[in-house]
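Here is my_file-v8.csv, consisting of CSV, C-alpha atoms:
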chain,number,residue,atom,x,y,z
A,27,MET,CA,-18.1,19.9,-12.8
A,28,THR,CA,-17.8,21.7,-9.5
A,29,THR,CA,-15.8,24.9,-9.7
A,30,VAL,CA,-13.4,25.8,-6.9
A,31,THR,CA,-14.3,28.7,-4.7
A,32,GLU,CA,-12.6,32.1,-5.0
A,33,TYR,CA,-9.4,33.0,-3.3
A,34,SER,CA,-10.0,35.1,-0.1
A,35,ASP,CA,-7.9,37.9,1.3
A,36,HIS,CA,-8.5,36.4,4.7
A,37,ILE,CA,-6.2,33.5,3.9
A,38,VAL,CA,-2.5,34.5,4.6
A,39,ILE,CA,-0.7,31.6,2.7
A,40,ASP,CA,0.0,32.4,-0.9
A,41,ARG,CA,-2.2,31.1,-3.8
A,42,HIS,CA,0.4,28.5,-4.8
A,43,ALA,CA,0.3,26.9,-1.4
A,44,GLN,CA,-3.5,27.0,-1.3
A,45,ASP,CA,-3.6,25.3,-4.7
A,46,VAL,CA,-1.0,22.7,-3.9
A,47,LEU,CA,-2.6,21.7,-0.5
A,48,PHE,CA,-6.3,22.3,-1.1
A,49,ARG,CA,-7.7,24.0,-4.2
A,50,GLN,CA,-6.1,22.2,-7.0
A,51,ALA,CA,-4.8,19.1,-5.1
A,52,ARG,CA,-6.7,15.9,-5.9
A,53,THR,CA,-6.8,12.3,-4.9
A,54,ALA,CA,-5.0,10.2,-7.5
A,55,ASN,CA,-5.8,6.7,-8.6
A,56,ALA,CA,-2.8,6.2,-10.8
A,57,PHE,CA,0.8,7.4,-10.7
A,58,THR,CA,3.8,7.7,-12.9
A,59,SER,CA,6.7,5.3,-12.2
A,60,GLU,CA,8.8,8.0,-10.5
A,61,PRO,CA,9.9,6.7,-7.1
A,62,VAL,CA,9.1,8.3,-3.8
A,63,THR,CA,12.3,8.3,-1.7
A,64,ASP,CA,12.8,7.9,2.0
A,65,GLU,CA,14.3,11.4,1.9
A,66,GLN,CA,11.0,12.8,0.7
A,67,VAL,CA,9.0,10.9,3.3
A,68,GLN,CA,11.4,12.2,6.0
A,69,ALA,CA,10.9,15.8,4.7
A,70,LEU,CA,7.1,15.2,4.9
A,71,TYR,CA,7.4,14.0,8.5
A,72,ASP,CA,9.7,16.8,9.5
A,73,LEU,CA,7.1,19.3,8.3
A,74,VAL,CA,3.8,17.8,9.6
A,75,LYS,CA,5.1,16.4,12.8
A,76,TRP,CA,4.7,19.9,14.3
A,77,ALA,CA,0.9,19.9,13.9
A,78,PRO,CA,-1.0,19.6,17.2
A,79,THR,CA,-2.4,16.6,19.1
A,80,SER,CA,-3.8,16.1,22.6
A,81,PHE,CA,-1.1,16.2,25.2
A,82,ASN,CA,1.4,16.0,22.4
A,83,GLN,CA,0.6,12.3,22.1
A,84,GLN,CA,1.8,11.0,18.7
A,85,PRO,CA,0.1,7.6,18.2
A,86,LEU,CA,0.6,7.6,14.4
A,87,ARG,CA,2.7,4.7,13.2
A,88,VAL,CA,3.6,4.1,9.5
A,89,VAL,CA,4.7,1.1,7.5
A,90,LEU,CA,6.2,2.0,4.1
A,91,VAL,CA,5.5,-0.9,1.9
A,92,ARG,CA,8.5,-1.2,-0.5
A,93,SER,CA,9.3,-4.8,-1.1
A,94,ALA,CA,7.5,-6.7,-3.9
A,95,GLU,CA,6.6,-9.4,-1.5
A,96,ALA,CA,5.1,-7.1,1.1
A,97,ARG,CA,3.1,-5.3,-1.6
A,98,GLU,CA,1.7,-8.6,-2.8
A,99,ARG,CA,0.6,-9.5,0.7
A,100,LEU,CA,-1.0,-6.1,1.2
A,101,GLY,CA,-2.8,-6.4,-2.2
A,102,THR,CA,-4.6,-9.5,-1.0
A,103,MET,CA,-6.0,-7.5,1.9
A,104,MET,CA,-7.4,-4.6,-0.1
A,105,ILE,CA,-11.0,-4.6,-1.4
A,106,ASP,CA,-11.3,-5.2,-5.2
A,107,ASN,CA,-11.4,-1.6,-6.2
A,108,ASN,CA,-8.3,-0.7,-4.3
A,109,ARG,CA,-6.1,-3.7,-5.2
A,110,ALA,CA,-4.7,-2.9,-8.7
A,111,LYS,CA,-3.9,0.7,-7.9
A,112,THR,CA,-2.2,-0.3,-4.7
A,113,LEU,CA,-0.1,-2.9,-6.5
A,114,ALA,CA,0.9,-0.3,-9.1
A,115,ALA,CA,1.7,2.7,-6.9
A,116,PRO,CA,5.3,3.8,-6.5
A,117,LEU,CA,4.9,3.8,-2.7
A,118,THR,CA,2.2,2.7,-0.3
A,119,ALA,CA,2.0,3.7,3.4
A,120,ILE,CA,0.0,1.9,6.0
A,121,LEU,CA,-1.1,4.4,8.7
A,122,ALA,CA,-2.0,3.0,12.1
A,123,ALA,CA,-2.7,4.1,15.7
A,124,ASP,CA,-0.4,2.9,18.4
A,125,THR,CA,-2.6,2.2,21.4
A,126,GLU,CA,0.5,2.1,23.7
A,127,PHE,CA,1.5,5.7,22.7
A,128,HIS,CA,1.4,6.7,26.4
A,129,ARG,CA,4.8,5.1,26.9
A,130,HIS,CA,6.3,8.1,25.2
A,131,LEU,CA,4.5,10.8,27.2
A,132,PRO,CA,7.1,11.3,29.9
A,133,THR,CA,9.5,12.6,27.2
A,134,GLN,CA,6.9,14.1,24.8
A,135,PHE,CA,4.8,15.8,27.5
A,136,PRO,CA,7.3,16.4,30.3
A,137,VAL,CA,5.3,19.2,31.8
A,138,PHE,CA,3.0,16.6,33.2
A,139,PRO,CA,4.8,13.3,33.2
A,140,GLN,CA,2.1,11.6,35.3
A,141,ALA,CA,-0.2,11.9,32.3
A,142,LYS,CA,1.0,8.5,31.1
A,143,ASP,CA,-0.8,6.8,34.0
A,144,VAL,CA,-3.2,9.4,35.4
A,145,LEU,CA,-4.9,10.2,32.1
A,146,PHE,CA,-4.1,7.3,29.9
A,147,GLY,CA,-3.8,4.3,32.3
A,148,ASP,CA,-7.2,3.1,31.3
A,149,PRO,CA,-7.1,1.0,28.0
A,150,THR,CA,-10.5,2.2,26.8
A,151,VAL,CA,-9.7,5.9,27.3
A,152,ARG,CA,-6.3,5.3,25.7
A,153,GLU,CA,-7.6,3.6,22.6
A,154,GLU,CA,-10.2,6.3,22.0
A,155,SER,CA,-7.5,8.9,22.3
A,156,ALA,CA,-5.2,6.9,20.1
A,157,LEU,CA,-7.8,6.7,17.3
A,158,LEU,CA,-8.7,10.4,17.5
A,159,ASN,CA,-5.2,11.7,17.5
A,160,ALA,CA,-3.8,9.2,15.0
A,161,THR,CA,-6.6,10.2,12.7
A,162,LEU,CA,-5.7,13.9,13.1
A,163,GLN,CA,-2.1,12.9,12.2
A,164,ILE,CA,-3.3,10.9,9.1
A,165,ALA,CA,-4.9,14.1,7.8
A,166,TYR,CA,-1.7,16.0,8.5
A,167,PHE,CA,0.2,13.2,6.6
A,168,ILE,CA,-2.1,13.6,3.6
A,169,ILE,CA,-1.5,17.4,3.6
A,170,GLY,CA,2.2,16.6,3.8
A,171,VAL,CA,2.1,14.4,0.7
A,172,ARG,CA,0.7,17.3,-1.1
A,173,ALA,CA,3.3,19.6,0.3
A,174,LEU,CA,5.9,17.4,-1.4
A,175,GLY,CA,4.2,18.2,-4.7
A,176,LEU,CA,2.8,14.7,-4.9
A,177,ALA,CA,-0.7,13.2,-4.8
A,178,ALA,CA,-2.1,11.0,-2.2
A,179,GLY,CA,-4.7,8.2,-2.7
A,180,PRO,CA,-6.0,7.5,0.8
A,181,MET,CA,-8.2,4.4,1.2
A,182,SER,CA,-10.2,2.9,4.0
A,183,GLY,CA,-11.4,-0.1,2.0
A,184,PHE,CA,-9.2,-2.9,3.2
A,185,ASP,CA,-9.3,-5.7,5.8
A,186,SER,CA,-8.1,-3.8,8.8
A,187,ALA,CA,-7.8,-6.8,11.1
A,188,ALA,CA,-5.7,-8.7,8.5
A,189,VAL,CA,-3.4,-5.7,7.7
A,190,THR,CA,-3.0,-5.0,11.4
A,191,LYS,CA,-2.0,-8.6,12.1
A,192,GLU,CA,0.4,-8.8,9.2
A,193,PHE,CA,2.1,-5.4,9.4
A,194,PHE,CA,1.9,-4.6,13.1
A,195,PRO,CA,2.4,-8.0,14.6
A,196,ASP,CA,3.3,-6.8,18.1
A,197,GLY,CA,-0.4,-6.2,18.7
A,198,THR,CA,-0.2,-2.6,20.0
A,199,ALA,CA,-1.3,-0.8,16.8
A,200,ARG,CA,-4.4,-0.7,14.6
A,201,ALA,CA,-4.3,0.0,10.9
A,202,LEU,CA,-6.7,2.8,9.9
A,203,VAL,CA,-5.9,4.1,6.5
A,204,VAL,CA,-3.7,3.0,3.5
A,205,VAL,CA,-2.3,5.7,1.4
A,206,ASN,CA,-0.8,5.4,-2.1
A,207,LEU,CA,1.5,8.3,-3.0
A,208,GLY,CA,3.5,9.5,-6.0
A,209,ARG,CA,3.4,11.7,-9.0
A,210,PRO,CA,-0.1,11.5,-10.5
A,211,ALA,CA,-0.5,10.0,-13.9
A,212,ASP,CA,-2.4,11.8,-16.6
A,213,GLY,CA,-6.1,11.2,-16.2
A,214,ALA,CA,-5.6,9.8,-12.7
A,215,ARG,CA,-8.3,12.1,-11.2
A,216,TRP,CA,-12.0,12.0,-11.3
A,217,ASP,CA,-14.1,15.1,-11.8
A,218,ARG,CA,-14.1,17.4,-8.8
A,219,LEU,CA,-17.1,16.4,-6.6
A,220,ASP,CA,-19.3,18.9,-4.9
A,221,ARG,CA,-19.0,20.0,-1.2
A,222,LEU,CA,-21.6,20.8,1.3
A,223,GLY,CA,-22.5,24.5,1.6
A,224,TYR,CA,-21.3,26.6,4.6
A,225,GLU,CA,-24.8,26.7,5.9
A,226,GLN,CA,-25.1,23.0,5.8
A,227,VAL,CA,-22.1,22.6,8.1
A,228,PHE,CA,-22.0,25.6,10.3
A,229,THR,CA,-24.6,26.9,12.8
A,230,THR,CA,-24.2,29.6,15.4
A,231,ALA,CA,-25.2,29.4,19.1
B,8,MET,CA,13.5,24.1,24.0
B,9,THR,CA,13.1,21.9,20.9
B,10,THR,CA,14.4,23.5,17.7
B,11,VAL,CA,12.4,23.2,14.6
B,12,THR,CA,13.8,21.0,11.8
B,13,GLU,CA,15.5,22.5,8.7
B,14,TYR,CA,13.6,23.4,5.6
B,15,SER,CA,13.8,20.8,2.9
B,16,ASP,CA,14.0,21.3,-0.9
B,17,HIS,CA,11.6,18.4,-1.2
B,18,ILE,CA,8.8,20.6,0.1
B,19,VAL,CA,7.2,22.7,-2.7
B,20,ILE,CA,5.1,25.2,-0.7
B,21,ASP,CA,7.1,28.3,0.3
B,22,ARG,CA,8.7,28.8,3.7
B,23,HIS,CA,6.1,31.3,4.8
B,24,ALA,CA,3.3,28.8,4.3
B,25,GLN,CA,5.4,26.1,6.0
B,26,ASP,CA,5.9,28.4,9.0
B,27,VAL,CA,2.3,29.6,9.2
B,28,LEU,CA,0.8,26.1,9.0
B,29,PHE,CA,3.4,23.9,10.7
B,30,ARG,CA,6.9,25.1,11.7
B,31,GLN,CA,6.1,28.3,13.6
B,32,ALA,CA,2.4,27.7,14.2
B,33,ARG,CA,1.6,27.0,17.8
B,34,THR,CA,-1.4,26.1,19.9
B,35,ALA,CA,-2.6,29.2,21.8
B,36,ASN,CA,-4.1,29.3,25.3
B,37,ALA,CA,-4.9,33.1,25.3
B,38,PHE,CA,-6.0,35.5,22.6
B,39,THR,CA,-6.3,39.2,22.0
B,40,SER,CA,-9.8,40.6,21.9
B,41,GLU,CA,-9.7,40.9,18.1
B,42,PRO,CA,-12.9,39.3,16.9
B,43,VAL,CA,-13.0,36.4,14.5
B,44,THR,CA,-15.7,37.1,11.9
B,45,ASP,CA,-18.1,34.8,10.0
B,46,GLU,CA,-16.4,35.9,6.8
B,47,GLN,CA,-13.1,34.6,8.1
B,48,VAL,CA,-14.7,31.3,9.1
B,49,GLN,CA,-16.3,31.0,5.7
B,50,ALA,CA,-12.9,31.7,4.0
B,51,LEU,CA,-11.4,28.9,6.2
B,52,TYR,CA,-14.2,26.5,5.1
B,53,ASP,CA,-13.9,27.5,1.4
B,54,LEU,CA,-10.2,26.5,1.6
B,55,VAL,CA,-10.2,23.3,3.6
B,56,LYS,CA,-13.5,21.8,2.4
B,57,TRP,CA,-11.5,20.5,-0.6
B,58,ALA,CA,-9.4,18.1,1.4
B,59,PRO,CA,-10.2,14.5,0.9
B,60,THR,CA,-12.6,12.1,2.8
B,61,SER,CA,-13.8,8.6,2.1
B,62,PHE,CA,-16.5,8.6,-0.6
B,63,ASN,CA,-16.6,12.4,-0.3
B,64,GLN,CA,-18.6,12.0,2.9
B,65,GLN,CA,-18.5,15.2,4.9
B,66,PRO,CA,-19.6,14.4,8.4
B,67,LEU,CA,-18.1,17.5,10.1
B,68,ARG,CA,-20.6,19.7,11.7
B,69,VAL,CA,-19.6,22.9,13.5
B,70,VAL,CA,-21.4,25.1,16.1
B,71,LEU,CA,-19.8,28.6,16.4
B,72,VAL,CA,-20.4,29.7,20.0
B,73,ARG,CA,-21.0,33.4,19.9
B,74,SER,CA,-23.6,34.4,22.4
B,75,ALA,CA,-22.6,35.1,26.0
B,76,GLU,CA,-25.3,32.7,27.2
B,77,ALA,CA,-24.1,29.8,24.9
B,78,ARG,CA,-20.5,30.4,26.0
B,79,GLU,CA,-21.5,30.2,29.6
B,80,ARG,CA,-23.3,26.9,29.1
B,81,LEU,CA,-20.3,25.5,27.2
B,82,GLY,CA,-18.0,26.7,30.0
B,83,THR,CA,-19.8,24.5,32.5
B,84,MET,CA,-19.0,21.5,30.4
B,85,MET,CA,-15.3,22.0,29.9
B,86,ILE,CA,-12.8,20.4,32.3
B,87,ASP,CA,-11.3,22.9,34.8
B,88,ASN,CA,-8.1,23.6,32.8
B,89,ASN,CA,-10.0,24.4,29.7
B,90,ARG,CA,-12.8,26.6,31.2
B,91,ALA,CA,-11.3,30.0,31.7
B,92,LYS,CA,-9.5,30.1,28.3
B,93,THR,CA,-12.7,29.0,26.6
B,94,LEU,CA,-14.8,31.7,28.3
B,95,ALA,CA,-12.2,34.3,27.3
B,96,ALA,CA,-11.6,33.3,23.6
B,97,PRO,CA,-12.9,35.6,20.8
B,98,LEU,CA,-14.5,32.6,19.2
B,99,THR,CA,-15.1,29.0,20.1
B,100,ALA,CA,-16.1,26.2,17.7
B,101,ILE,CA,-17.6,22.9,18.6
B,102,LEU,CA,-16.6,20.3,16.1
B,103,ALA,CA,-18.8,17.2,15.8
B,104,ALA,CA,-19.4,14.1,13.6
B,105,ASP,CA,-22.8,13.8,11.9
B,106,THR,CA,-23.6,10.1,12.0
B,107,GLU,CA,-26.4,10.7,9.4
B,108,PHE,CA,-23.9,12.1,6.9
B,109,HIS,CA,-25.0,9.4,4.4
B,110,ARG,CA,-28.2,11.5,3.6
B,111,HIS,CA,-26.0,13.7,1.5
B,112,LEU,CA,-24.1,11.1,-0.4
B,113,PRO,CA,-26.5,11.0,-3.4
B,114,THR,CA,-25.5,14.6,-4.2
B,115,GLN,CA,-21.9,14.5,-2.8
B,116,PHE,CA,-20.9,11.1,-4.4
B,117,PRO,CA,-23.2,11.0,-7.4
B,118,VAL,CA,-21.0,8.4,-9.2
B,119,PHE,CA,-22.3,5.8,-6.8
B,120,PRO,CA,-25.6,7.1,-5.4
B,121,GLN,CA,-26.3,3.6,-3.9
B,122,ALA,CA,-23.4,4.1,-1.5
B,123,LYS,CA,-25.9,5.7,0.9
B,124,ASP,CA,-27.6,2.4,1.6
B,125,VAL,CA,-25.2,-0.2,0.3
B,126,LEU,CA,-22.1,0.9,2.1
B,127,PHE,CA,-23.5,3.0,4.9
B,128,GLY,CA,-26.9,1.5,5.7
B,129,ASP,CA,-25.5,-0.2,8.8
B,130,PRO,CA,-25.4,2.2,11.8
B,131,THR,CA,-22.2,0.7,13.2
B,132,VAL,CA,-20.3,1.0,10.0
B,133,ARG,CA,-21.7,4.5,9.5
B,134,GLU,CA,-20.7,5.7,12.9
B,135,GLU,CA,-17.1,4.4,12.6
B,136,SER,CA,-16.8,6.1,9.2
B,137,ALA,CA,-18.3,9.3,10.6
B,138,LEU,CA,-15.8,9.4,13.4
B,139,LEU,CA,-12.8,8.7,11.1
B,140,ASN,CA,-13.8,11.2,8.5
B,141,ALA,CA,-15.0,14.0,10.8
B,142,THR,CA,-11.7,13.7,12.6
B,143,LEU,CA,-9.8,14.1,9.3
B,144,GLN,CA,-11.9,17.2,8.8
B,145,ILE,CA,-11.1,18.5,12.2
B,146,ALA,CA,-7.4,18.3,11.4
B,147,TYR,CA,-8.1,20.2,8.1
B,148,PHE,CA,-10.1,22.8,10.2
B,149,ILE,CA,-7.1,23.3,12.5
B,150,ILE,CA,-4.8,23.8,9.5
B,151,GLY,CA,-7.4,26.2,8.1
B,152,VAL,CA,-7.4,28.3,11.3
B,153,ARG,CA,-3.7,28.7,10.8
B,154,ALA,CA,-4.1,29.6,7.1
B,155,LEU,CA,-6.2,32.6,8.4
B,156,GLY,CA,-3.1,33.7,10.2
B,157,LEU,CA,-4.8,32.9,13.5
B,158,ALA,CA,-4.0,30.4,16.2
B,159,ALA,CA,-6.1,27.4,17.3
B,160,GLY,CA,-6.5,26.0,20.7
B,161,PRO,CA,-8.0,22.5,20.2
B,162,MET,CA,-9.3,20.7,23.3
B,163,SER,CA,-10.6,17.2,23.9
B,164,GLY,CA,-11.1,17.8,27.7
B,165,PHE,CA,-14.8,18.4,28.0
B,166,ASP,CA,-18.0,16.5,28.8
B,167,SER,CA,-18.7,15.2,25.3
B,168,ALA,CA,-22.2,13.7,26.1
B,169,ALA,CA,-23.3,17.0,27.7
B,170,VAL,CA,-22.0,19.2,24.9
B,171,THR,CA,-23.6,16.8,22.3
B,172,LYS,CA,-26.9,17.0,24.1
B,173,GLU,CA,-26.8,20.7,24.5
B,174,PHE,CA,-25.5,21.9,21.1
B,175,PHE,CA,-26.6,19.1,18.8
B,176,PRO,CA,-30.1,18.3,20.2
B,177,ASP,CA,-31.4,16.4,17.2
B,178,GLY,CA,-29.3,13.4,18.3
B,179,THR,CA,-27.5,12.7,15.0
B,180,ALA,CA,-24.1,14.3,15.8
B,181,ARG,CA,-21.4,13.7,18.4
B,182,ALA,CA,-19.1,16.4,19.7
B,183,LEU,CA,-15.5,15.4,19.3
B,184,VAL,CA,-13.2,18.5,19.7
B,185,VAL,CA,-13.7,22.1,20.9
B,186,VAL,CA,-11.4,24.7,19.3
B,187,ASN,CA,-10.8,28.2,20.5
B,188,LEU,CA,-9.5,30.5,17.8
B,189,GLY,CA,-8.2,34.0,17.5
B,190,ARG,CA,-5.1,36.1,17.4
B,191,PRO,CA,-2.7,34.7,20.0
B,192,ALA,CA,-1.9,37.0,22.9
B,193,ASP,CA,1.7,37.6,23.9
B,194,GLY,CA,3.0,34.7,26.0
B,195,ALA,CA,0.1,32.5,25.0
B,196,ARG,CA,2.3,29.6,23.9
B,197,TRP,CA,4.2,27.1,25.9
B,198,ASP,CA,7.7,26.0,25.0
B,199,ARG,CA,7.8,23.8,21.9
B,200,LEU,CA,7.6,20.2,22.9
B,201,ASP,CA,9.6,17.4,21.4
B,202,ARG,CA,8.5,15.1,18.6
B,203,LEU,CA,9.1,11.4,18.1
B,204,GLY,CA,12.0,10.7,15.7
B,205,TYR,CA,11.3,9.4,12.2
B,206,GLU,CA,12.7,6.0,13.1
B,207,GLN,CA,10.2,5.8,16.0
B,208,VAL,CA,7.2,6.3,13.7
B,209,PHE,CA,8.2,4.8,10.3
B,210,THR,CA,9.3,1.3,9.5
B,211,THR,CA,9.7,-0.3,6.0
B,212,ALA,CA,8.3,-3.7,4.9
Written as structure tokens, how would this file's structure read?
Amino acid sequence: MTTVTEYSDHIVIDRHAQDVLFRQARTANAFTSEPVTDEQVQALYDLVKWAPTSFNQQPLRVVLVRSAEARERLGTMMIDNNRAKTLAAPLTAILAADTEFHRHLPTQFPVFPQAKDVLFGDPTVREESALLNATLQIAYFIIGVRALGLAAGPMSGFDSAAVTKEFFPDGTARALVVVNLGRPADGARWDRLDRLGYEQVFTTA
Amino acid sequence: MTTVTEYSDHIVIDRHAQDVLFRQARTANAFTSEPVTDEQVQALYDLVKWAPTSFNQQPLRVVLVRSAEARERLGTMMIDNNRAKTLAAPLTAILAADTEFHRHLPTQFPVFPQAKDVLFGDPTVREESALLNATLQIAYFIIGVRALGLAAGPMSGFDSAAVTKEFFPDGTARALVVVNLGRPADGARWDRLDRLGYEQVFTTA
């Protein structure tokens, strides 16, 4: 089993925060029955919403799947390996990119209100930007789940077109990742997998 | 100027970590001359490499632009507003997605070594997955810069095709984001911009 790297004095957040967010945090595949409340999700959002995106665009849209009926519908759209754990999770969030995010730019980026049309009037440019920035926000969301002391189980294995049509019916969003969240059950984690070495990822020019 | 939201007891990392990573952290547009060392970047990577991706794929590739000559070349490929600050930053990193990431899956996801070909043999599927997961890793990288006590200045305004060709000449990666990093100079931050309300982002099904 891969061992976690040593703490470094270059990191200025304390070891507990490093452990909770990165070093000891793990994807979970099963959870206890403890509920995840709207207040917890709001606290998550009030923390991670400050992380940066291009031109302060905020394309992330989230559906919290709470009703038994909605959960059943989502279950039919997950690939086999993701179905049972999604049906059993205390809370499941569908994370999507709003391709009409530019509507909010005049209030969210008031220093250049023309950005809405000048930079993002073209639908192809806008969609590419929505996907990039919503995906950054999905990563911030996953970190936020961990900041709640909970575990996330992010999944990309589902019928994205079907989930989009069912849960974002107005046609302006695209489902990207589904995340189960809650308190991890005993034995809900696999062995820690290896990571690429620094030299495999970084080069210098 | 927008005020930062209140601390919440639902968040289990301490206030200093919340401030450093999210609440007080800010994108910087100018930096002091204090260098950013390879040891710091390695400490960053050794922290954030543990964050999750699909099938433990790790498509992120990074070029650290250190030589004056490479910096000049990169400068010519940045849009006007990003050029001067990039030329002046103590360190600039080009973050890219490796679309041949699947080569590493047999060692990085040994529980299903066939994933390399069964799931990611198709170039279109592979590229989509590379973009999604490298972008998650870019967000983790930005959080990692902040965990060093430094500020990041992420930019998507550059000639991606030219940067890709120049800095990833083997043709298997695609430049997505350029990040300046260092100790922020006084006055290097704009006013805090607003964020969408919880009700504008989250709905319940």
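When only C-alpha atoms are used to measure the gap to Thr60 in chain B, the shortest distance among B:Ala182, B:Ile101, B:Ala146, B:Ala192 belongs to B:Ala146.
Omitting Pro116 in chain A and its sequence neighbours fewer than 4 positions away, and counting only C-alpha atoms, the residues within 10 Å are Ala56, Phe57, Thr58, Ser59, Glu60, Pro61, Val62, Thr63, Val91, Arg92, Lys111, Thr112, Asn206, Leu207, Gly208 and Arg209 of chain A.
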Ranking B:Leu98, B:Leu155, B:Ile145, B:Ala35 by minimum distance to Leu54 in chain B and counting only C-alpha atoms, which one comes first? B:Leu155
Between B:Ser167, B:Asn88, B:Gln115, B:Ser136, which has the minimum distance to chain A (counting all atoms listed in the file)? B:Gln115
Could you tell me how far CA of Ile39 in chain A lies from CA of Thr10 in chain B, in Å and to one decimal?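 We find that CA of Ile39 in chain A and CA of Thr10 in chain B lie 22.8 Å from each other.
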For all heavy atoms, please extract range 58-64 of chain A from the block and return it as a PDB file, in the first residue's frame.
ATOM      1  N   THR A  58     -22.305   5.939   6.379  1.00  0.00           N
ATOM      2  CA  THR A  58     -23.245   5.676   7.464  1.00  0.00           C
ATOM      3  C   THR A  58     -24.589   6.325   7.091  1.00  0.00           C
ATOM      4  O   THR A  58     -24.686   7.055   6.109  1.00  0.00           O
ATOM      5  CB  THR A  58     -22.743   6.279   8.789  1.00  0.00           C
ATOM      6  OG1 THR A  58     -22.851   7.702   8.719  1.00  0.00           O
ATOM      7  CG2 THR A  58     -21.300   5.877   9.070  1.00  0.00           C
ATOM      8  N   SER A  59     -25.590   6.079   7.910  1.00  0.00           N
ATOM      9  CA  SER A  59     -26.921   6.642   7.621  1.00  0.00           C
ATOM     10  C   SER A  59     -27.063   8.083   8.115  1.00  0.00           C
ATOM     11  O   SER A  59     -28.119   8.698   7.941  1.00  0.00           O
ATOM     12  CB  SER A  59     -28.000   5.761   8.250  1.00  0.00           C
ATOM     13  OG  SER A  59     -27.788   5.716   9.656  1.00  0.00           O
ATOM     14  N   GLU A  60     -26.010   8.626   8.704  1.00  0.00           N
ATOM     15  CA  GLU A  60     -26.078  10.014   9.208  1.00  0.00           C
ATOM     16  C   GLU A  60     -26.427  10.973   8.072  1.00  0.00           C
ATOM     17  O   GLU A  60     -25.744  10.990   7.045  1.00  0.00           O
ATOM     18  CB  GLU A  60     -24.718  10.378   9.832  1.00  0.00           C
ATOM     19  CG  GLU A  60     -24.694  11.742  10.482  1.00  0.00           C
ATOM     20  CD  GLU A  60     -23.292  12.051  11.055  1.00  0.00           C
ATOM     21  OE1 GLU A  60     -22.642  11.147  11.609  1.00  0.00           O
ATOM     22  OE2 GLU A  60     -22.862  13.212  10.926  1.00  0.00           O
ATOM     23  N   PRO A  61     -27.462  11.783   8.256  1.00  0.00           N
ATOM     24  CA  PRO A  61     -27.862  12.681   7.162  1.00  0.00           C
ATOM     25  C   PRO A  61     -26.831  13.781   6.903  1.00  0.00           C
ATOM     26  O   PRO A  61     -26.040  14.122   7.786  1.00  0.00           O
ATOM     27  CB  PRO A  61     -29.174  13.298   7.644  1.00  0.00           C
ATOM     28  CG  PRO A  61     -29.496  12.687   8.952  1.00  0.00           C
ATOM     29  CD  PRO A  61     -28.328  11.898   9.435  1.00  0.00           C
ATOM     30  N   VAL A  62     -26.846  14.316   5.694  1.00  0.00           N
ATOM     31  CA  VAL A  62     -26.101  15.535   5.363  1.00  0.00           C
ATOM     32  C   VAL A  62     -27.150  16.630   5.185  1.00  0.00           C
ATOM     33  O   VAL A  62     -28.020  16.524   4.312  1.00  0.00           O
ATOM     34  CB  VAL A  62     -25.272  15.362   4.083  1.00  0.00           C
ATOM     35  CG1 VAL A  62     -24.519  16.646   3.767  1.00  0.00           C
ATOM     36  CG2 VAL A  62     -24.314  14.182   4.221  1.00  0.00           C
ATOM     37  N   THR A  63     -27.076  17.656   6.013  1.00  0.00           N
ATOM     38  CA  THR A  63     -28.143  18.671   6.043  1.00  0.00           C
ATOM     39  C   THR A  63     -27.890  19.789   5.026  1.00  0.00           C
ATOM     40  O   THR A  63     -26.762  20.003   4.568  1.00  0.00           O
ATOM     41  CB  THR A  63     -28.231  19.301   7.445  1.00  0.00           C
ATOM     42  OG1 THR A  63     -27.012  20.040   7.676  1.00  0.00           O
ATOM     43  CG2 THR A  63     -28.391  18.239   8.521  1.00  0.00           C
ATOM     44  N   ASP A  64     -28.958  20.518   4.718  1.00  0.00           N
ATOM     45  CA  ASP A  64     -28.816  21.693   3.866  1.00  0.00           C
ATOM     46  C   ASP A  64     -27.874  22.719   4.500  1.00  0.00           C
ATOM     47  O   ASP A  64     -27.145  23.425   3.790  1.00  0.00           O
ATOM     48  CB  ASP A  64     -30.181  22.350   3.626  1.00  0.00           C
ATOM     49  CG  ASP A  64     -31.036  21.550   2.640  1.00  0.00           C
ATOM     50  OD1 ASP A  64     -30.506  20.630   1.998  1.00  0.00           O
ATOM     51  OD2 ASP A  64     -32.233  21.862   2.525  1.00  0.00           O
TER      52      ASP A  64
END
